[in-house]
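Text of start_10.json (JSON, C-alpha atoms) as supplied:
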```json
[["chain", "number", "residue", "atom", "x", "y", "z"],
["A", 1, "MET", "CA", 105.71, 76.48, 97.63],
["A", 2, "ARG", "CA", 108.88, 74.72, 98.74],
["A", 3, "LEU", "CA", 110.76, 76.35, 101.60],
["A", 4, "VAL", "CA", 114.02, 75.64, 103.36],
["A", 5, "ILE", "CA", 114.54, 76.74, 106.95],
["A", 6, "GLY", "CA", 117.45, 76.68, 109.33],
["A", 7, "ALA", "CA", 118.49, 77.85, 112.76],
["A", 8, "ASP", "CA", 121.41, 77.82, 115.12],
["A", 9, "PHE", "CA", 120.96, 77.10, 118.85],
["A", 10, "ALA", "CA", 119.62, 80.60, 119.57],
["A", 11, "GLY", "CA", 117.08, 80.53, 116.74],
["A", 12, "TYR", "CA", 115.97, 76.94, 117.33],
["A", 13, "PRO", "CA", 112.86, 77.70, 119.48],
["A", 14, "LEU", "CA", 111.44, 80.26, 117.03],
["A", 15, "LYS", "CA", 112.27, 78.02, 114.05],
["A", 16, "GLU", "CA", 110.21, 75.24, 115.58],
["A", 17, "VAL", "CA", 107.18, 77.51, 116.05],
["A", 18, "ILE", "CA", 107.39, 78.78, 112.47],
["A", 19, "LYS", "CA", 108.07, 75.30, 111.07],
["A", 20, "GLU", "CA", 104.94, 73.92, 112.72],
["A", 21, "HIS", "CA", 102.88, 76.83, 111.40],
["A", 22, "LEU", "CA", 104.22, 76.44, 107.86],
["A", 23, "ILE", "CA", 103.55, 72.70, 107.74],
["A", 24, "LYS", "CA", 100.00, 73.21, 109.07],
["A", 25, "SER", "CA", 99.52, 75.87, 106.37],
["A", 26, "GLY", "CA", 100.46, 73.38, 103.64],
["A", 27, "TYR", "CA", 103.99, 74.46, 102.78],
["A", 28, "GLU", "CA", 106.66, 71.92, 101.91],
["A", 29, "VAL", "CA", 109.42, 72.55, 104.45],
["A", 30, "VAL", "CA", 113.00, 71.28, 104.40],
["A", 31, "ASP", "CA", 114.81, 71.85, 107.71],
["A", 32, "LEU", "CA", 118.60, 72.19, 107.51],
["A", 33, "GLY", "CA", 119.07, 73.74, 110.92],
["A", 34, "ALA", "CA", 119.81, 72.71, 114.45],
["A", 35, "THR", "CA", 117.65, 70.08, 116.06],
["A", 36, "GLU", "CA", 117.04, 69.61, 119.75],
["A", 37, "LYS", "CA", 119.90, 67.09, 119.79],
["A", 38, "ASP", "CA", 122.20, 69.26, 117.67],
["A", 39, "THR", "CA", 122.01, 72.71, 119.20],
["A", 40, "ASP", "CA", 125.72, 73.47, 118.77],
["A", 41, "LEU", "CA", 125.44, 73.87, 114.98],
["A", 42, "PRO", "CA", 127.04, 77.28, 114.17],
["A", 43, "TYR", "CA", 124.99, 79.93, 112.40],
["A", 44, "TYR", "CA", 127.45, 80.32, 109.52],
["A", 45, "LYS", "CA", 127.15, 76.64, 108.57],
["A", 46, "VAL", "CA", 123.36, 76.76, 108.64],
["A", 47, "ALA", "CA", 123.21, 80.00, 106.64],
["A", 48, "THR", "CA", 125.61, 78.55, 104.05],
["A", 49, "ALA", "CA", 123.58, 75.36, 103.60],
["A", 50, "VAL", "CA", 120.32, 77.26, 103.27],
["A", 51, "ALA", "CA", 121.72, 79.93, 100.93],
["A", 52, "LYS", "CA", 123.11, 77.24, 98.61],
["A", 53, "LYS", "CA", 119.62, 75.72, 98.30],
["A", 54, "VAL", "CA", 118.17, 79.12, 97.38],
["A", 55, "GLN", "CA", 121.05, 79.91, 95.03],
["A", 56, "SER", "CA", 120.56, 76.61, 93.15],
["A", 57, "LYS", "CA", 116.79, 77.26, 92.99],
["A", 58, "GLU", "CA", 116.05, 73.93, 94.66],
["A", 59, "VAL", "CA", 113.58, 75.85, 96.83],
["A", 60, "ASP", "CA", 111.42, 78.91, 96.30],
["A", 61, "LYS", "CA", 112.35, 80.82, 99.45],
["A", 62, "ALA", "CA", 114.02, 80.35, 102.81],
["A", 63, "LEU", "CA", 113.87, 81.37, 106.44],
["A", 64, "LEU", "CA", 116.82, 81.63, 108.81],
["A", 65, "PHE", "CA", 116.74, 82.04, 112.57],
["A", 66, "CYS", "CA", 119.44, 83.03, 115.04],
["A", 67, "GLY", "CA", 119.57, 85.32, 118.07],
["A", 68, "THR", "CA", 119.34, 88.60, 116.12],
["A", 69, "GLY", "CA", 118.83, 87.58, 112.49],
["A", 70, "ALA", "CA", 121.89, 89.64, 111.55],
["A", 71, "GLY", "CA", 124.60, 86.97, 111.43],
["A", 72, "MET", "CA", 122.50, 84.66, 109.28],
["A", 73, "CYS", "CA", 121.66, 87.57, 106.97],
["A", 74, "ILE", "CA", 125.30, 88.58, 106.48],
["A", 75, "VAL", "CA", 126.43, 85.05, 105.62],
["A", 76, "ALA", "CA", 123.48, 84.31, 103.32],
["A", 77, "ASN", "CA", 124.06, 87.50, 101.34],
["A", 78, "LYS", "CA", 127.54, 86.31, 100.37],
["A", 79, "PHE", "CA", 125.94, 84.01, 97.80],
["A", 80, "LYS", "CA", 125.16, 85.29, 94.31],
["A", 81, "GLY", "CA", 121.43, 85.56, 93.68],
["A", 82, "VAL", "CA", 120.56, 85.44, 97.37],
["A", 83, "TYR", "CA", 118.74, 88.47, 98.78],
["A", 84, "ALA", "CA", 118.37, 88.04, 102.52],
["A", 85, "VAL", "CA", 116.81, 90.62, 104.82],
["A", 86, "ALA", "CA", 117.05, 90.66, 108.61],
["A", 87, "CYS", "CA", 113.58, 91.67, 109.65],
["A", 88, "GLU", "CA", 112.02, 92.89, 112.89],
["A", 89, "GLY", "CA", 108.59, 94.06, 111.74],
["A", 90, "ILE", "CA", 105.53, 93.06, 109.77],
["A", 91, "PHE", "CA", 105.62, 96.05, 107.41],
["A", 92, "THR", "CA", 109.28, 95.44, 106.56],
["A", 93, "ALA", "CA", 108.65, 91.74, 105.96],
["A", 94, "ARG", "CA", 105.93, 92.56, 103.46],
["A", 95, "GLN", "CA", 107.85, 95.32, 101.70],
["A", 96, "CYS", "CA", 111.12, 93.40, 101.37],
["A", 97, "GLY", "CA", 109.24, 90.88, 99.25],
["A", 98, "ILE", "CA", 107.53, 93.50, 97.09],
["A", 99, "ILE", "CA", 110.35, 96.01, 96.68],
["A", 100, "ASN", "CA", 113.57, 94.05, 97.25],
["A", 101, "ASN", "CA", 112.51, 90.62, 95.97],
["A", 102, "ALA", "CA", 114.01, 89.10, 99.12],
["A", 103, "ASN", "CA", 114.26, 85.33, 98.84],
["A", 104, "ILE", "CA", 115.46, 84.75, 102.41],
["A", 105, "LEU", "CA", 113.91, 86.25, 105.54],
["A", 106, "THR", "CA", 116.06, 86.14, 108.67],
["A", 107, "LEU", "CA", 114.55, 86.54, 112.11],
["A", 108, "GLY", "CA", 116.05, 86.94, 115.56],
["A", 109, "SER", "CA", 114.46, 84.81, 118.24],
["A", 110, "ARG", "CA", 115.77, 87.22, 120.87],
["A", 111, "VAL", "CA", 114.18, 90.14, 119.03],
["A", 112, "VAL", "CA", 110.86, 88.94, 117.59],
["A", 113, "GLY", "CA", 108.07, 87.18, 119.47],
["A", 114, "SER", "CA", 106.50, 84.08, 117.95],
["A", 115, "MET", "CA", 103.11, 85.64, 117.13],
["A", 116, "ASN", "CA", 104.75, 88.58, 115.34],
["A", 117, "ALA", "CA", 107.11, 86.20, 113.58],
["A", 118, "ILE", "CA", 104.20, 84.16, 112.23],
["A", 119, "GLU", "CA", 102.54, 87.31, 110.90],
["A", 120, "MET", "CA", 105.83, 88.53, 109.41],
["A", 121, "VAL", "CA", 106.40, 85.22, 107.63],
["A", 122, "GLU", "CA", 102.83, 85.11, 106.32],
["A", 123, "ASN", "CA", 103.08, 88.67, 104.98],
["A", 124, "TRP", "CA", 106.42, 87.94, 103.31],
["A", 125, "LEU", "CA", 105.21, 84.70, 101.73],
["A", 126, "SER", "CA", 101.94, 86.18, 100.51],
["A", 127, "VAL", "CA", 103.39, 88.91, 98.28],
["A", 128, "LYS", "CA", 105.02, 88.96, 94.87],
["A", 129, "PHE", "CA", 107.87, 91.12, 93.65],
["A", 130, "LEU", "CA", 106.50, 94.45, 92.32],
["A", 131, "GLU", "CA", 102.96, 93.70, 93.55],
["A", 132, "GLY", "CA", 100.85, 96.85, 93.55],
["A", 133, "LYS", "CA", 103.59, 99.08, 92.17],
["A", 134, "THR", "CA", 102.96, 101.58, 89.38],
["A", 135, "PRO", "CA", 104.48, 100.83, 85.97],
["A", 136, "GLU", "CA", 107.11, 103.50, 86.61],
["A", 137, "ASN", "CA", 108.08, 101.95, 89.94],
["A", 138, "GLN", "CA", 108.09, 98.47, 88.42],
["A", 139, "LYS", "CA", 110.50, 99.62, 85.73],
["A", 140, "PHE", "CA", 112.78, 101.32, 88.26],
["A", 141, "LEU", "CA", 112.83, 98.34, 90.64],
["A", 142, "THR", "CA", 113.41, 95.85, 87.82],
["A", 143, "ASN", "CA", 116.31, 97.96, 86.56],
["A", 144, "ALA", "CA", 117.69, 98.21, 90.10],
["A", 145, "LEU", "CA", 117.65, 94.42, 90.39],
["A", 146, "GLU", "CA", 119.45, 94.15, 87.05],
["A", 147, "GLU", "CA", 122.10, 96.59, 88.32],
["A", 148, "VAL", "CA", 122.61, 94.44, 91.43],
["A", 149, "GLU", "CA", 123.03, 91.39, 89.20],
["A", 150, "LYS", "CA", 125.74, 93.28, 87.27],
["A", 151, "ILE", "CA", 127.56, 93.94, 90.53],
["A", 152, "GLU", "CA", 127.31, 90.25, 91.47],
["A", 153, "THR", "CA", 128.84, 89.14, 88.18],
["A", 154, "GLY", "CA", 131.51, 91.83, 88.13],
["A", 155, "ASN", "CA", 130.00, 93.60, 85.11],
["A", 156, "PHE", "CA", 129.26, 96.85, 86.92],
["A", 157, "LYS", "CA", 130.86, 100.03, 85.54]]
```
If you convert what's in this file into structure tokens, what do you get?
Amino acid sequence: MRLVIGADFAGYPLKEVIKEHLIKSGYEVVDLGATEKDTDLPYYKVATAVAKKVQSKEVDKALLFCGTGAGMCIVANKFKGVYAVACEGIFTARQCGIINNANILTLGSRVVGSMNAIEMVENWLSVKFLEGKTPENQKFLTNALEEVEKIETGNFK
């Protein structure tokens, strides 16, 4: 699985922990975020660069890190076909992949500890959209995603 990650100055320390874990776990990781030498990179530029990679399908999924996860999430969700979720818990990380088909997970380094973040990321990456859902729920969630796509393209009535 090919992943893109990015962080601003506040998310940089957590990004580095997660990046190391992902590489050790065998993921291909592209880092578009702040480096130790470039910690003044603003969150909106990082979120834009990462969201464009997801939008173009150059990568499978992405992770964004800032102080709260919220700013990155807001910017990323401005891009058609990007479904980012700011996450603070393991259960939510898992469910946003199954139910919401989230393709970007955003984490706040001032909110989530590194051990929880690793578990959140692993749970999110290990699930598939609609996994374990009944046929009725699968139909509903698929239709809901199609309705969101209509909104994105301006075809919603």
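Straight-line separation from CA of Met115 in chain A to CA of His21 in chain A: 10.5 Å.
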Output as a Markdown table one row per residue of range 20-115 of chain A within 12 Å of range 136-145 of chain A: the closest atom pair and its distance in Å to one decimal place, counting only C-alpha atoms, sorted by chain and residue number ascending.
```
| residue | atom | partner | partner_atom | distance |
| --- | --- | --- | --- | --- |
| A:Gly81 | CA | A:Leu145 | CA | 10.2 |
| A:Val82 | CA | A:Leu145 | CA | 11.7 |
| A:Tyr83 | CA | A:Leu145 | CA | 10.3 |
| A:Cys96 | CA | A:Leu141 | CA | 11.9 |
| A:Gly97 | CA | A:Leu141 | CA | 11.9 |
| A:Ile98 | CA | A:Leu141 | CA | 9.6 |
| A:Ile99 | CA | A:Leu141 | CA | 6.9 |
| A:Asn100 | CA | A:Leu141 | CA | 7.9 |
| A:Asn101 | CA | A:Leu145 | CA | 8.5 |
| A:Ala102 | CA | A:Leu145 | CA | 10.9 |
```
Counting all atoms listed in the file, the residue of A:Met1, A:Pro135, A:Asp60, A:Ala51 that sits nearest Cys73 in chain A: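 Looking only at the distances to Cys73 in chain A, the closest residue turns out to be A:Ala51.
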Residue among A:Gly11, A:Ala47, A:Thr92, A:Val59 lying closest to Asn77 in chain A, counting only C-alpha atoms: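 Of all the options, A:Ala47 lies closest to Asn77 in chain A.
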Counting all atoms listed in the file, the option among A:Ala10, A:Val121, A:Met72, A:Val4 closest to Val54 in chain A: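 Checking each candidate against Val54 in chain A, we get A:Val4 as the closest.
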Set out as a Markdown table a contact list for range 51-71 of chain A and range 23-39 of chain A with a cut-off of 10 Å, giving each residue of range 51-71 of chain A that qualifies its closest atom pair and distance in Å to one decimal, counting all atoms listed in the file, ordered by chain and rising residue number.
```
| residue | atom | partner | partner_atom | distance |
| --- | --- | --- | --- | --- |
| A:Lys53 | CA | A:Leu32 | CA | 9.9 |
| A:Val59 | CA | A:Val30 | CA | 8.9 |
| A:Ala62 | CA | A:Val29 | CA | 9.2 |
| A:Leu63 | CA | A:Asp31 | CA | 9.7 |
| A:Leu64 | CA | A:Gly33 | CA | 8.5 |
| A:Phe65 | CA | A:Gly33 | CA | 8.8 |
```
Computed interatomic separation between CA of Gly108 in chain A and CA of Leu3 in chain A (Å): 18.3 Å
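As for CA of Lys15 in chain A and CA of Gly113 in chain A, they are spaced 11.4 Å apart.
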Residue among A:Glu88, A:Val127, A:Thr48, A:Pro42 lying closest to Val112 in chain A, counting all atoms listed in the file: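 Among A:Glu88, A:Val127, A:Thr48, A:Pro42, it is A:Glu88 that comes nearest to Val112 in chain A.
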Residue nearest Glu119 in chain A - candidates A:Leu14, A:Ile90, A:Lys133, A:Asn103, atoms counted: only C-alpha atoms: A:Ile90
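Using only C-alpha atoms for every distance, the candidate list A:Glu146, A:Ser109, A:Ala93, A:Thr134 yields A:Ala93 as the residue closest to Glu122 in chain A.
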